[in-house]
Structures are given as structure tokens and as C-alpha cells.
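K.L.:
What follows is a single structure, and I will ask about it in a moment.
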Amino acid sequence: MKRARQKAVIGNEAPQTSQKSKKQKTCLYGSVFGGSDLHASMDWGSLPHHLILRIFQFLPLVDRARASSVCRRWNEIFHIPDLWRRFEFELSQPATSYLKSTHPDLIQQIIKRHADHLQYVSFKVDSSTESAEAACNILSQLVNCSIKTLGLISTAKPSFMNVSKAHFASALTVVFVNSKSLSSIKMDDTPLDDPSLKVLVANNSDTLKLLKMSSCPHVSPAGILCVADQCHGLKELALNYYILSDELLLALSSEKHVDLEHLRIDVVSENPGQVEFHTIKKQSWDALVKHSPKVNIVMYFFLYEEEFDAFFREETPVTHLYFGRAVSKEMLGRIGMNCPRLIELVVCANGLQPLDDELIRIAERCKNLTAMGLGECEVTCRGFIEFVKMCGGRLTQLSIMEEVLIPDNDYSLDRLHLEVSKHLGRMWFPDMMPTW
């Protein structure tokens, strides 16, 4: 009888404990959402306005659109301007692309209700002409826009280059004329031309700070010079080497121009021997660095060995160098002699001649070097250790394939990583070639 009574007591206590636990959880939810008597069946429609907006900001567009159908209030929040300042249009043909296209109905809704809210806009298109033309059609309808950042991104060629120049220029003109506050533009592989740049400058010269464009064959040095002469707040510029000139560097160095922070130059050759590269005078480089002493000058080279003759015969204030194709020992020797501001050097390939002397010269003269990467090259272990010893702890990035290093009588690969680690002041190992 006594044991049965104890069971009954225990049996009566269990629901009380469960009820208490539920009450505690309810209080917890209430403290988070601002209500003290929140029931288990929460009324999502009564969430605070700012909280719903915050949730929407973290949702992908598709999920946000679905959430907008929960109730009328959520649908109203879905159309708040703050949610439509930044948008990326994805345009593709399903049969030929992995991109998931922005739904046409959504595009029309954005043009109709949110064109004047858009500020940070990009278009990502596949290689098809139809997708690029669709992007131009959208741009042509942004007549009430106030865009600050515009990006045209081709995931593969030819895309925008197959659009007629007149259609492309007309679409850009709508944005350039109506925005009035463009600060950042990035477009590669497009039929952008000098007249379009003049329209850009005429309407946005006071606000433009960043202009990145490469592989735009219809732009001439005169078009870029117009930008440099008028856009005195320009801080970042990216272009192909064929557009670079002494006149452009001097324009960027004038007293009325602000300090340039970043200059990227792509040096590309598609057909070896077909292009003769011009030389930029040392005085022009010196003027730029004197005017903008902290400027980063980044050069990407995609040339064949016989095409490097015009480069680095005099002192050049380049800070970052990337060689996407093979580069000769002679060229690396010139870099060691004439690039004292060098911060980063990446060499994808060289050949079968050890680069010991060239690396040691770079370590001696390039006192700002902090990053080095070597791909299909050869360096003796002794020469590599000497290079690291001279650079010391300032080498914050050191990426060397194991196949690059040639063991010698003094150092094996096992001993090499200990010596290099000692001079760097941290543990270091060469990179391994993936085996999968």
C-alpha cells in the first residue's frame, strides 16, 4: 500500500514538472520577441517590423519571396526599399549554363516597383548572346535609377562582345545619364567605347572612384585620358596595357587629382609575335609615385617569353607581379634589378634552369617583398634557404611546390622545412601536388 501511494505521488508530480518546463520556455520566447504571454502557437504576423526586416535581409531571394506570401504585412515588408538596394541579376540559357536565372516576373516587378531603389547592381550572364542582350534590355529600363555600383560579369566568353555596340552603348547611356552618383564600375569583355565613357564622365565625374575594365577593345587611350582628366576623385583603375600611356600617368599625377590607391594593368597577348608592346618612360612612373606614394601598381602578365623585351629595362615602381605563363631567367633578373617597390611575386612557370641567383638578387634589392609563389620552376635547396634567410620573417606568404626544390649535398627536403621554418619564425612546409 505504501509503495503504491509513492507511485501515485510520483505520477502526479510528473505533469507538474512538464507544465513548469513549458512555462519557462514560454517566458524565454516572450523575452526574445517582446511579449510576456506568448502562447505555443506563435502569431508570426505580429512579430515586430524591424525583426521581420532583419530576417528578410538574411534570406536568399527565393526564400524571401516565399516568405512574403505568409500574410499581407509580410508582403508589404518584402517591398520595403531597404531590401532592394542591392541586387544581382542572373541571366542564362538553361540548356547551356549552370546559372539559375532570375525569374522574368521578378525582373519585371523590380523594374516596375524598385528601379529607383537600386543602388548596388550587378549582372551575371553566361556566354550566350541572348543573356547579354537581356541584360542590356533591363539596363535600358532603369530610367529612374540612382545606381552607385554597377558590374557586368561574364562567366564565359563571348557574351557582351556579341551584342551590337549601338545596343550596348544605348543601354549604358540610360544608367550613366540617370544615375548621377556612380562611384564604382566593373565591366570586362564588353563593347564599351569612348563616347560611352564621355557620357559617364559628363554625368558622374564628381562621384566616380573606381573604374575596372579590361578586354574592352573599343576603348582607346584618349577615352581613359578623358576619365583621368575629369574624374579627380578616381582612386582605383584597372585596364589593359595597350591603353596605358605616359600621358595617362601624367594626368593621374596632376595636382588636381586625388592620390591613386590601386592601378591594375593586364598585359595579355593572344597571338605571339603579333603585338609589339610599347615602353612607359621612367619619368612618367616617377611622377605617379611622387603624387601617390602609397599607390599599389599590380601587373598581370600573360605573354610568351619573346614578348617581354619592352618591360623592366628601367626602374619600374610595380608592387605586385603575377606571371601566368613561362617567364625567362633574364626577365626575373631584370625584376631583381629594377623593381625596388615589389611586395608580391608569383611565377607560374620558368623552365629547368635553377633560379638561385635571380631569387637572391630579388631578396637583396626588393626590401618590401612579403609574398612569393613559385610553380613549375627549379631552385636548389641551398639557394632557396639563402633567399629565405635574406628575407626573414617579413615573408608572410611563401607558397612553393615541392617539385620546385632540388635537393643537394647540404640539404634534403626533410631538413629544408626545418631550416626555412627557423628563418621565417613559424612552421613551414612546401606545397604538395594533389593526387586525386
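Labels for the C-alpha cells follow display order: chains A, B, ..., residues from 1 in each chain, ligands from 1.
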Can you list, as a PyMOL selection string, every protein, DNA or RNA residue that comes within 10 Å of Asn409 (chain A) when you count only C-alpha atoms, leaving out same-chain residues fewer than 3 positions away?
P.N.:
chain A and resi 381-382+412
K.L.:
Please, which residues of region 278-397 of chain A, numbered as in this document, come out strand (DSSP E) from DSSP, as a list in words?
P.N.:
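So, restricting region 278-397 of chain A to strand (DSSP E), we get Asn296, Ile297, Val298, Met299, Tyr300, Phe301, Phe302, His320, Leu321, Tyr322, Phe323, Gly324, Arg325, Ala326, Glu344, Leu345, Val346, Val347, Cys348, Ala349, Ala371, Met372, Gly373, Leu374, Gly375, Glu376, Val379, Thr380 and Gln397 of chain A.
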K.L.:
Can you pull out the residues contacting region 71-87 of chain A? Cut-off 8 Å, using only C-alpha atoms, and skip same-chain residues under 6 positions away; I want them as a list in words.
P.N.:
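The contact residues come out as Gly45, His49, Ile52, Leu53, Phe56, Gln57, Arg64, Ala65, His114, His117, Leu118, Gln119, Tyr120, Val121 and Ser122 of chain A.
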K.L.:
Store the residues picked out above, limited to N, CA, C and O atoms, as a PDB file, in the first residue's frame.
P.N.:
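Printed below is selection_36.pdb as written:
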ATOM      1  N   GLY A  45       2.607  36.784 -37.704  1.00  0.00           N
ATOM      2  CA  GLY A  45       2.247  38.053 -38.300  1.00  0.00           C
ATOM      3  C   GLY A  45       2.394  39.234 -37.367  1.00  0.00           C
ATOM      4  O   GLY A  45       2.392  40.385 -37.802  1.00  0.00           O
ATOM      5  N   HIS A  49       8.164  44.852 -36.644  1.00  0.00           N
ATOM      6  CA  HIS A  49       8.510  45.216 -38.016  1.00  0.00           C
ATOM      7  C   HIS A  49      10.002  45.081 -38.283  1.00  0.00           C
ATOM      8  O   HIS A  49      10.439  44.484 -39.273  1.00  0.00           O
ATOM      9  N   ILE A  52      11.208  41.371 -38.608  1.00  0.00           N
ATOM     10  CA  ILE A  52      10.873  40.734 -39.890  1.00  0.00           C
ATOM     11  C   ILE A  52      11.826  41.238 -40.982  1.00  0.00           C
ATOM     12  O   ILE A  52      12.338  40.466 -41.792  1.00  0.00           O
ATOM     13  N   LEU A  53      12.091  42.530 -40.983  1.00  0.00           N
ATOM     14  CA  LEU A  53      13.001  43.108 -41.966  1.00  0.00           C
ATOM     15  C   LEU A  53      14.387  42.500 -41.843  1.00  0.00           C
ATOM     16  O   LEU A  53      15.030  42.172 -42.852  1.00  0.00           O
ATOM     17  N   PHE A  56      14.365  39.001 -43.299  1.00  0.00           N
ATOM     18  CA  PHE A  56      14.340  39.046 -44.757  1.00  0.00           C
ATOM     19  C   PHE A  56      15.719  39.353 -45.336  1.00  0.00           C
ATOM     20  O   PHE A  56      16.080  38.854 -46.399  1.00  0.00           O
ATOM     21  N   GLN A  57      16.494  40.182 -44.650  1.00  0.00           N
ATOM     22  CA  GLN A  57      17.818  40.553 -45.151  1.00  0.00           C
ATOM     23  C   GLN A  57      18.762  39.358 -45.213  1.00  0.00           C
ATOM     24  O   GLN A  57      19.698  39.346 -46.024  1.00  0.00           O
ATOM     25  N   ARG A  64      12.906  34.521 -49.598  1.00  0.00           N
ATOM     26  CA  ARG A  64      12.283  35.786 -49.201  1.00  0.00           C
ATOM     27  C   ARG A  64      10.947  35.972 -49.925  1.00  0.00           C
ATOM     28  O   ARG A  64       9.954  36.417 -49.346  1.00  0.00           O
ATOM     29  N   ALA A  65      10.930  35.603 -51.215  1.00  0.00           N
ATOM     30  CA  ALA A  65       9.693  35.715 -51.982  1.00  0.00           C
ATOM     31  C   ALA A  65       8.620  34.778 -51.428  1.00  0.00           C
ATOM     32  O   ALA A  65       7.439  35.140 -51.347  1.00  0.00           O
ATOM     33  N   HIS A 114      10.863  48.859 -58.041  1.00  0.00           N
ATOM     34  CA  HIS A 114      12.076  49.089 -57.260  1.00  0.00           C
ATOM     35  C   HIS A 114      13.246  49.655 -58.055  1.00  0.00           C
ATOM     36  O   HIS A 114      14.364  49.696 -57.542  1.00  0.00           O
ATOM     37  N   HIS A 117      15.052  52.287 -56.317  1.00  0.00           N
ATOM     38  CA  HIS A 117      15.681  51.906 -55.049  1.00  0.00           C
ATOM     39  C   HIS A 117      17.050  51.255 -55.261  1.00  0.00           C
ATOM     40  O   HIS A 117      17.861  51.205 -54.336  1.00  0.00           O
ATOM     41  N   LEU A 118      17.296  50.749 -56.469  1.00  0.00           N
ATOM     42  CA  LEU A 118      18.534  50.020 -56.744  1.00  0.00           C
ATOM     43  C   LEU A 118      19.744  50.944 -56.619  1.00  0.00           C
ATOM     44  O   LEU A 118      19.764  52.026 -57.188  1.00  0.00           O
ATOM     45  N   GLN A 119      20.754  50.476 -55.877  1.00  0.00           N
ATOM     46  CA  GLN A 119      21.996  51.239 -55.714  1.00  0.00           C
ATOM     47  C   GLN A 119      23.230  50.420 -56.055  1.00  0.00           C
ATOM     48  O   GLN A 119      24.202  50.952 -56.595  1.00  0.00           O
ATOM     49  N   TYR A 120      23.207  49.128 -55.727  1.00  0.00           N
ATOM     50  CA  TYR A 120      24.364  48.260 -55.958  1.00  0.00           C
ATOM     51  C   TYR A 120      23.885  47.113 -56.853  1.00  0.00           C
ATOM     52  O   TYR A 120      23.260  46.169 -56.379  1.00  0.00           O
ATOM     53  N   VAL A 121      24.188  47.209 -58.131  1.00  0.00           N
ATOM     54  CA  VAL A 121      23.600  46.301 -59.114  1.00  0.00           C
ATOM     55  C   VAL A 121      24.693  45.595 -59.909  1.00  0.00           C
ATOM     56  O   VAL A 121      25.669  46.221 -60.328  1.00  0.00           O
ATOM     57  N   SER A 122      24.507  44.298 -60.114  1.00  0.00           N
ATOM     58  CA  SER A 122      25.417  43.559 -60.984  1.00  0.00           C
ATOM     59  C   SER A 122      24.602  42.617 -61.863  1.00  0.00           C
ATOM     60  O   SER A 122      23.503  42.194 -61.499  1.00  0.00           O
TER      61      SER A 122
END
K.L.:
Considering only C-alpha atoms, can you say which of A:Met337, A:Val219, A:Val404, A:Leu424 comes closest to Ala349 (chain A)?
P.N.:
A:Val404
K.L.:
Closest to Lys329 (chain A) among A:His417, A:Lys198, A:Lys148, A:Arg361, using only C-alpha atoms?
P.N.:
A:Arg361
K.L.:
Just the number, please: distance in Å from CA of Phe308 (chain A) to CA of Leu321 (chain A), one decimal.
P.N.:
13.5 Å
K.L.:
Any idea what the distance is between CA of Thr316 (chain A) and CA of Ile335 (chain A)?
P.N.:
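We find that CA of Thr316 (chain A) and CA of Ile335 (chain A) lie 8.7 Å from each other.
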K.L.:
List the neighbours of Pro195 (chain A) out to 9 Å using only C-alpha atoms; skip same-chain residues closer than 5 positions along the sequence, and give me the result as a CSV table (one decimal) with C-alpha atoms, in the first residue's frame.
P.N.:
chain,number,residue,atom,x,y,z
A,169,ALA,CA,26.0,51.9,-75.6
A,200,LEU,CA,29.8,58.7,-67.9
A,219,VAL,CA,38.2,52.0,-75.7
A,223,GLY,CA,38.9,57.6,-73.7
K.L.:
As a list in words, please: all residues of region 60-106 of chain A that backbone DSSP puts in alpha helix (DSSP H).
P.N.:
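Matching residues, listed in order: Leu61, Val62, Asp63, Arg64, Ala65, Arg66, Ala67, Arg72, Arg73, Trp74, Asn75, Glu76, Ile77, Phe78, Pro104, Asp105 and Leu106 of chain A.
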K.L.:
Write out, as an mmCIF file, in the first residue's frame, the residues just selected, with N, CA and C atoms.
P.N.:
data_model
loop_
_atom_site.group_PDB
_atom_site.id
_atom_site.type_symbol
_atom_site.label_atom_id
_atom_site.label_comp_id
_atom_site.auth_asym_id
_atom_site.auth_seq_id
_atom_site.Cartn_x
_atom_site.Cartn_y
_atom_site.Cartn_z
ATOM 1 N N LEU A 61 16.914 35.208 -52.060
ATOM 2 C CA LEU A 61 15.794 35.869 -52.718
ATOM 3 C C LEU A 61 14.586 34.952 -52.863
ATOM 4 N N VAL A 62 14.808 33.694 -53.264
ATOM 5 C CA VAL A 62 13.683 32.766 -53.459
ATOM 6 C C VAL A 62 12.934 32.544 -52.159
ATOM 7 N N ASP A 63 13.665 32.326 -51.056
ATOM 8 C CA ASP A 63 13.016 32.110 -49.761
ATOM 9 C C ASP A 63 12.318 33.382 -49.280
ATOM 10 N N ARG A 64 12.906 34.521 -49.598
ATOM 11 C CA ARG A 64 12.283 35.786 -49.201
ATOM 12 C C ARG A 64 10.947 35.972 -49.925
ATOM 13 N N ALA A 65 10.930 35.603 -51.215
ATOM 14 C CA ALA A 65 9.693 35.715 -51.982
ATOM 15 C C ALA A 65 8.620 34.778 -51.428
ATOM 16 N N ARG A 66 9.023 33.571 -51.042
ATOM 17 C CA ARG A 66 8.058 32.641 -50.448
ATOM 18 C C ARG A 66 7.536 33.174 -49.127
ATOM 19 N N ALA A 67 8.444 33.728 -48.323
ATOM 20 C CA ALA A 67 8.034 34.258 -47.017
ATOM 21 C C ALA A 67 7.047 35.407 -47.175
ATOM 22 N N ARG A 72 -0.348 39.568 -45.473
ATOM 23 C CA ARG A 72 -0.277 40.862 -46.141
ATOM 24 C C ARG A 72 0.848 41.721 -45.575
ATOM 25 N N ARG A 73 1.037 41.666 -44.263
ATOM 26 C CA ARG A 73 2.062 42.506 -43.624
ATOM 27 C C ARG A 73 3.458 42.090 -44.073
ATOM 28 N N TRP A 74 3.686 40.796 -44.163
ATOM 29 C CA TRP A 74 4.993 40.328 -44.623
ATOM 30 C C TRP A 74 5.216 40.719 -46.089
ATOM 31 N N ASN A 75 4.150 40.706 -46.879
ATOM 32 C CA ASN A 75 4.273 41.098 -48.272
ATOM 33 C C ASN A 75 4.620 42.574 -48.401
ATOM 34 N N GLU A 76 4.075 43.396 -47.511
ATOM 35 C CA GLU A 76 4.406 44.822 -47.511
ATOM 36 C C GLU A 76 5.874 45.033 -47.158
ATOM 37 N N ILE A 77 6.355 44.278 -46.166
ATOM 38 C CA ILE A 77 7.762 44.396 -45.768
ATOM 39 C C ILE A 77 8.687 43.920 -46.883
ATOM 40 N N PHE A 78 8.231 42.910 -47.645
ATOM 41 C CA PHE A 78 9.007 42.377 -48.770
ATOM 42 C C PHE A 78 9.363 43.481 -49.769
ATOM 43 N N PRO A 104 11.690 35.907 -64.861
ATOM 44 C CA PRO A 104 11.249 37.095 -65.624
ATOM 45 C C PRO A 104 10.187 37.922 -64.890
ATOM 46 N N ASP A 105 9.269 37.255 -64.170
ATOM 47 C CA ASP A 105 8.237 38.004 -63.440
ATOM 48 C C ASP A 105 8.858 38.874 -62.348
ATOM 49 N N LEU A 106 9.892 38.331 -61.682
ATOM 50 C CA LEU A 106 10.565 39.098 -60.646
ATOM 51 C C LEU A 106 11.304 40.287 -61.248
#
K.L.:
Can you tell me, as a VMD selection string, what residues are no more than 6 Å from region 371-377 of chain A when counting only C-alpha atoms, ignoring any on the same chain fewer than 3 positions away?
P.N.:
chain A and resid 344 to 351 395 397 to 400 404
K.L.:
Which residues are close to region 224-232 of chain A, i.e. within 12 Å by only C-alpha atoms, leaving aside same-chain residues fewer than 2 positions away? Reply as a ChimeraX atom specification.
P.N.:
/A:182-183,192-214,216,218-222,234-260
K.L.:
Excluding Ile343 (chain A) and residues on its chain fewer than 2 positions from it, collect all residues at most 9 Å away from it, counting only C-alpha atoms, and give them as a PDB file with all heavy atoms, in the first residue's frame.
P.N.:
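This went into out-v8.pdb:
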ATOM      1  N   VAL A 318      56.434  48.889 -59.817  1.00  0.00           N
ATOM      2  CA  VAL A 318      55.401  47.863 -59.649  1.00  0.00           C
ATOM      3  C   VAL A 318      55.487  47.271 -58.238  1.00  0.00           C
ATOM      4  O   VAL A 318      56.572  47.108 -57.673  1.00  0.00           O
ATOM      5  CB  VAL A 318      55.561  46.767 -60.731  1.00  0.00           C
ATOM      6  CG1 VAL A 318      56.885  46.029 -60.580  1.00  0.00           C
ATOM      7  CG2 VAL A 318      54.404  45.799 -60.703  1.00  0.00           C
ATOM      8  N   THR A 319      54.322  46.960 -57.646  1.00  0.00           N
ATOM      9  CA  THR A 319      54.300  46.378 -56.297  1.00  0.00           C
ATOM     10  C   THR A 319      53.875  44.915 -56.289  1.00  0.00           C
ATOM     11  O   THR A 319      54.262  44.164 -55.403  1.00  0.00           O
ATOM     12  CB  THR A 319      53.342  47.162 -55.380  1.00  0.00           C
ATOM     13  OG1 THR A 319      52.038  47.196 -55.962  1.00  0.00           O
ATOM     14  CG2 THR A 319      53.843  48.582 -55.156  1.00  0.00           C
ATOM     15  N   HIS A 320      53.060  44.508 -57.253  1.00  0.00           N
ATOM     16  CA  HIS A 320      52.569  43.126 -57.303  1.00  0.00           C
ATOM     17  C   HIS A 320      52.720  42.621 -58.736  1.00  0.00           C
ATOM     18  O   HIS A 320      52.196  43.228 -59.667  1.00  0.00           O
ATOM     19  CB  HIS A 320      51.096  43.039 -56.880  1.00  0.00           C
ATOM     20  CG  HIS A 320      50.836  43.491 -55.477  1.00  0.00           C
ATOM     21  ND1 HIS A 320      50.897  44.817 -55.101  1.00  0.00           N
ATOM     22  CD2 HIS A 320      50.505  42.788 -54.362  1.00  0.00           C
ATOM     23  CE1 HIS A 320      50.624  44.904 -53.817  1.00  0.00           C
ATOM     24  NE2 HIS A 320      50.380  43.699 -53.338  1.00  0.00           N
ATOM     25  N   LEU A 321      53.387  41.467 -58.897  1.00  0.00           N
ATOM     26  CA  LEU A 321      53.652  40.897 -60.211  1.00  0.00           C
ATOM     27  C   LEU A 321      53.149  39.464 -60.268  1.00  0.00           C
ATOM     28  O   LEU A 321      53.481  38.637 -59.396  1.00  0.00           O
ATOM     29  CB  LEU A 321      55.145  40.909 -60.513  1.00  0.00           C
ATOM     30  CG  LEU A 321      55.740  42.157 -61.161  1.00  0.00           C
ATOM     31  CD1 LEU A 321      57.247  42.020 -61.267  1.00  0.00           C
ATOM     32  CD2 LEU A 321      55.128  42.383 -62.545  1.00  0.00           C
ATOM     33  N   PRO A 340      62.251  47.916 -57.092  1.00  0.00           N
ATOM     34  CA  PRO A 340      62.536  48.028 -55.660  1.00  0.00           C
ATOM     35  C   PRO A 340      61.285  48.094 -54.779  1.00  0.00           C
ATOM     36  O   PRO A 340      61.386  47.841 -53.573  1.00  0.00           O
ATOM     37  CB  PRO A 340      63.335  49.336 -55.568  1.00  0.00           C
ATOM     38  CG  PRO A 340      62.918  50.130 -56.764  1.00  0.00           C
ATOM     39  CD  PRO A 340      62.685  49.128 -57.839  1.00  0.00           C
ATOM     40  N   ARG A 341      60.119  48.424 -55.339  1.00  0.00           N
ATOM     41  CA  ARG A 341      58.894  48.525 -54.528  1.00  0.00           C
ATOM     42  C   ARG A 341      58.129  47.198 -54.469  1.00  0.00           C
ATOM     43  O   ARG A 341      57.053  47.126 -53.887  1.00  0.00           O
ATOM     44  CB  ARG A 341      57.957  49.604 -55.097  1.00  0.00           C
ATOM     45  CG  ARG A 341      58.506  51.005 -55.046  1.00  0.00           C
ATOM     46  CD  ARG A 341      57.528  52.010 -55.624  1.00  0.00           C
ATOM     47  NE  ARG A 341      56.434  52.329 -54.703  1.00  0.00           N
ATOM     48  CZ  ARG A 341      55.156  52.153 -54.988  1.00  0.00           C
ATOM     49  NH1 ARG A 341      54.781  51.618 -56.143  1.00  0.00           N
ATOM     50  NH2 ARG A 341      54.224  52.494 -54.109  1.00  0.00           N
ATOM     51  N   LEU A 345      55.352  38.510 -55.598  1.00  0.00           N
ATOM     52  CA  LEU A 345      55.781  37.949 -56.871  1.00  0.00           C
ATOM     53  C   LEU A 345      55.264  36.520 -56.991  1.00  0.00           C
ATOM     54  O   LEU A 345      55.501  35.697 -56.100  1.00  0.00           O
ATOM     55  CB  LEU A 345      57.310  37.958 -56.979  1.00  0.00           C
ATOM     56  CG  LEU A 345      57.917  37.266 -58.214  1.00  0.00           C
ATOM     57  CD1 LEU A 345      57.486  37.971 -59.497  1.00  0.00           C
ATOM     58  CD2 LEU A 345      59.437  37.215 -58.114  1.00  0.00           C
ATOM     59  N   CYS A 366      64.748  43.960 -53.277  1.00  0.00           N
ATOM     60  CA  CYS A 366      63.315  44.204 -53.063  1.00  0.00           C
ATOM     61  C   CYS A 366      63.027  44.100 -51.561  1.00  0.00           C
ATOM     62  O   CYS A 366      62.561  43.073 -51.064  1.00  0.00           O
ATOM     63  CB  CYS A 366      62.475  43.216 -53.858  1.00  0.00           C
ATOM     64  SG  CYS A 366      62.818  43.237 -55.640  1.00  0.00           S
ATOM     65  N   LYS A 367      63.290  45.162 -50.843  1.00  0.00           N
ATOM     66  CA  LYS A 367      63.223  45.149 -49.382  1.00  0.00           C
ATOM     67  C   LYS A 367      61.791  45.078 -48.848  1.00  0.00           C
ATOM     68  O   LYS A 367      61.589  44.838 -47.653  1.00  0.00           O
ATOM     69  CB  LYS A 367      63.914  46.394 -48.817  1.00  0.00           C
ATOM     70  CG  LYS A 367      65.377  46.536 -49.213  1.00  0.00           C
ATOM     71  CD  LYS A 367      66.208  45.391 -48.682  1.00  0.00           C
ATOM     72  CE  LYS A 367      67.687  45.592 -48.990  1.00  0.00           C
ATOM     73  NZ  LYS A 367      68.518  44.464 -48.490  1.00  0.00           N
ATOM     74  N   ASN A 368      60.808  45.291 -49.719  1.00  0.00           N
ATOM     75  CA  ASN A 368      59.407  45.245 -49.275  1.00  0.00           C
ATOM     76  C   ASN A 368      58.731  43.919 -49.590  1.00  0.00           C
ATOM     77  O   ASN A 368      57.542  43.752 -49.306  1.00  0.00           O
ATOM     78  CB  ASN A 368      58.602  46.368 -49.939  1.00  0.00           C
ATOM     79  CG  ASN A 368      59.111  47.744 -49.574  1.00  0.00           C
ATOM     80  OD1 ASN A 368      59.388  48.012 -48.415  1.00  0.00           O
ATOM     81  ND2 ASN A 368      59.239  48.626 -50.561  1.00  0.00           N
ATOM     82  N   LEU A 369      59.456  42.975 -50.167  1.00  0.00           N
ATOM     83  CA  LEU A 369      58.859  41.704 -50.571  1.00  0.00           C
ATOM     84  C   LEU A 369      58.333  40.935 -49.362  1.00  0.00           C
ATOM     85  O   LEU A 369      59.074  40.633 -48.431  1.00  0.00           O
ATOM     86  CB  LEU A 369      59.888  40.855 -51.315  1.00  0.00           C
ATOM     87  CG  LEU A 369      59.337  39.579 -51.968  1.00  0.00           C
ATOM     88  CD1 LEU A 369      58.494  39.924 -53.186  1.00  0.00           C
ATOM     89  CD2 LEU A 369      60.479  38.638 -52.366  1.00  0.00           C
ATOM     90  N   THR A 370      57.034  40.619 -49.401  1.00  0.00           N
ATOM     91  CA  THR A 370      56.419  39.861 -48.298  1.00  0.00           C
ATOM     92  C   THR A 370      55.715  38.602 -48.770  1.00  0.00           C
ATOM     93  O   THR A 370      55.283  37.801 -47.945  1.00  0.00           O
ATOM     94  CB  THR A 370      55.385  40.729 -47.554  1.00  0.00           C
ATOM     95  OG1 THR A 370      54.363  41.142 -48.460  1.00  0.00           O
ATOM     96  CG2 THR A 370      56.048  41.955 -46.930  1.00  0.00           C
ATOM     97  N   ALA A 371      55.566  38.401 -50.093  1.00  0.00           N
ATOM     98  CA  ALA A 371      54.833  37.241 -50.592  1.00  0.00           C
ATOM     99  C   ALA A 371      55.505  36.705 -51.852  1.00  0.00           C
ATOM    100  O   ALA A 371      55.873  37.469 -52.746  1.00  0.00           O
ATOM    101  CB  ALA A 371      53.384  37.608 -50.884  1.00  0.00           C
ATOM    102  N   MET A 372      55.657  35.381 -51.903  1.00  0.00           N
ATOM    103  CA  MET A 372      56.304  34.742 -53.042  1.00  0.00           C
ATOM    104  C   MET A 372      55.589  33.433 -53.357  1.00  0.00           C
ATOM    105  O   MET A 372      55.229  32.672 -52.456  1.00  0.00           O
ATOM    106  CB  MET A 372      57.780  34.467 -52.724  1.00  0.00           C
ATOM    107  CG  MET A 372      58.500  33.557 -53.709  1.00  0.00           C
ATOM    108  SD  MET A 372      58.787  34.330 -55.320  1.00  0.00           S
ATOM    109  CE  MET A 372      60.201  35.362 -54.922  1.00  0.00           C
TER     110      MET A 372
END
K.L.:
Identify which of the residues A:Leu342, A:Leu303, A:Cys391, A:Val70 lies closest to Ser328 (chain A), counting only C-alpha atoms when measuring atom-to-atom distances.
P.N.:
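Between A:Leu342, A:Leu303, A:Cys391, A:Val70, the residue approaching Ser328 (chain A) most closely is A:Leu303.
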K.L.:
Counting only C-alpha atoms, which of A:Leu355, A:Thr155, A:Leu47, A:Thr380 gets nearest to Asp408 (chain A)?
P.N.:
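Between A:Leu355, A:Thr155, A:Leu47, A:Thr380, the residue approaching Asp408 (chain A) most closely is A:Thr380.
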K.L.:
Measure the distance from CA of Ala363 (chain A) to CA of Tyr300 (chain A) in Å and round it to one decimal.
P.N.:
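Spanning CA of Ala363 (chain A) to CA of Tyr300 (chain A) is a straight-line distance of 20.9 Å.
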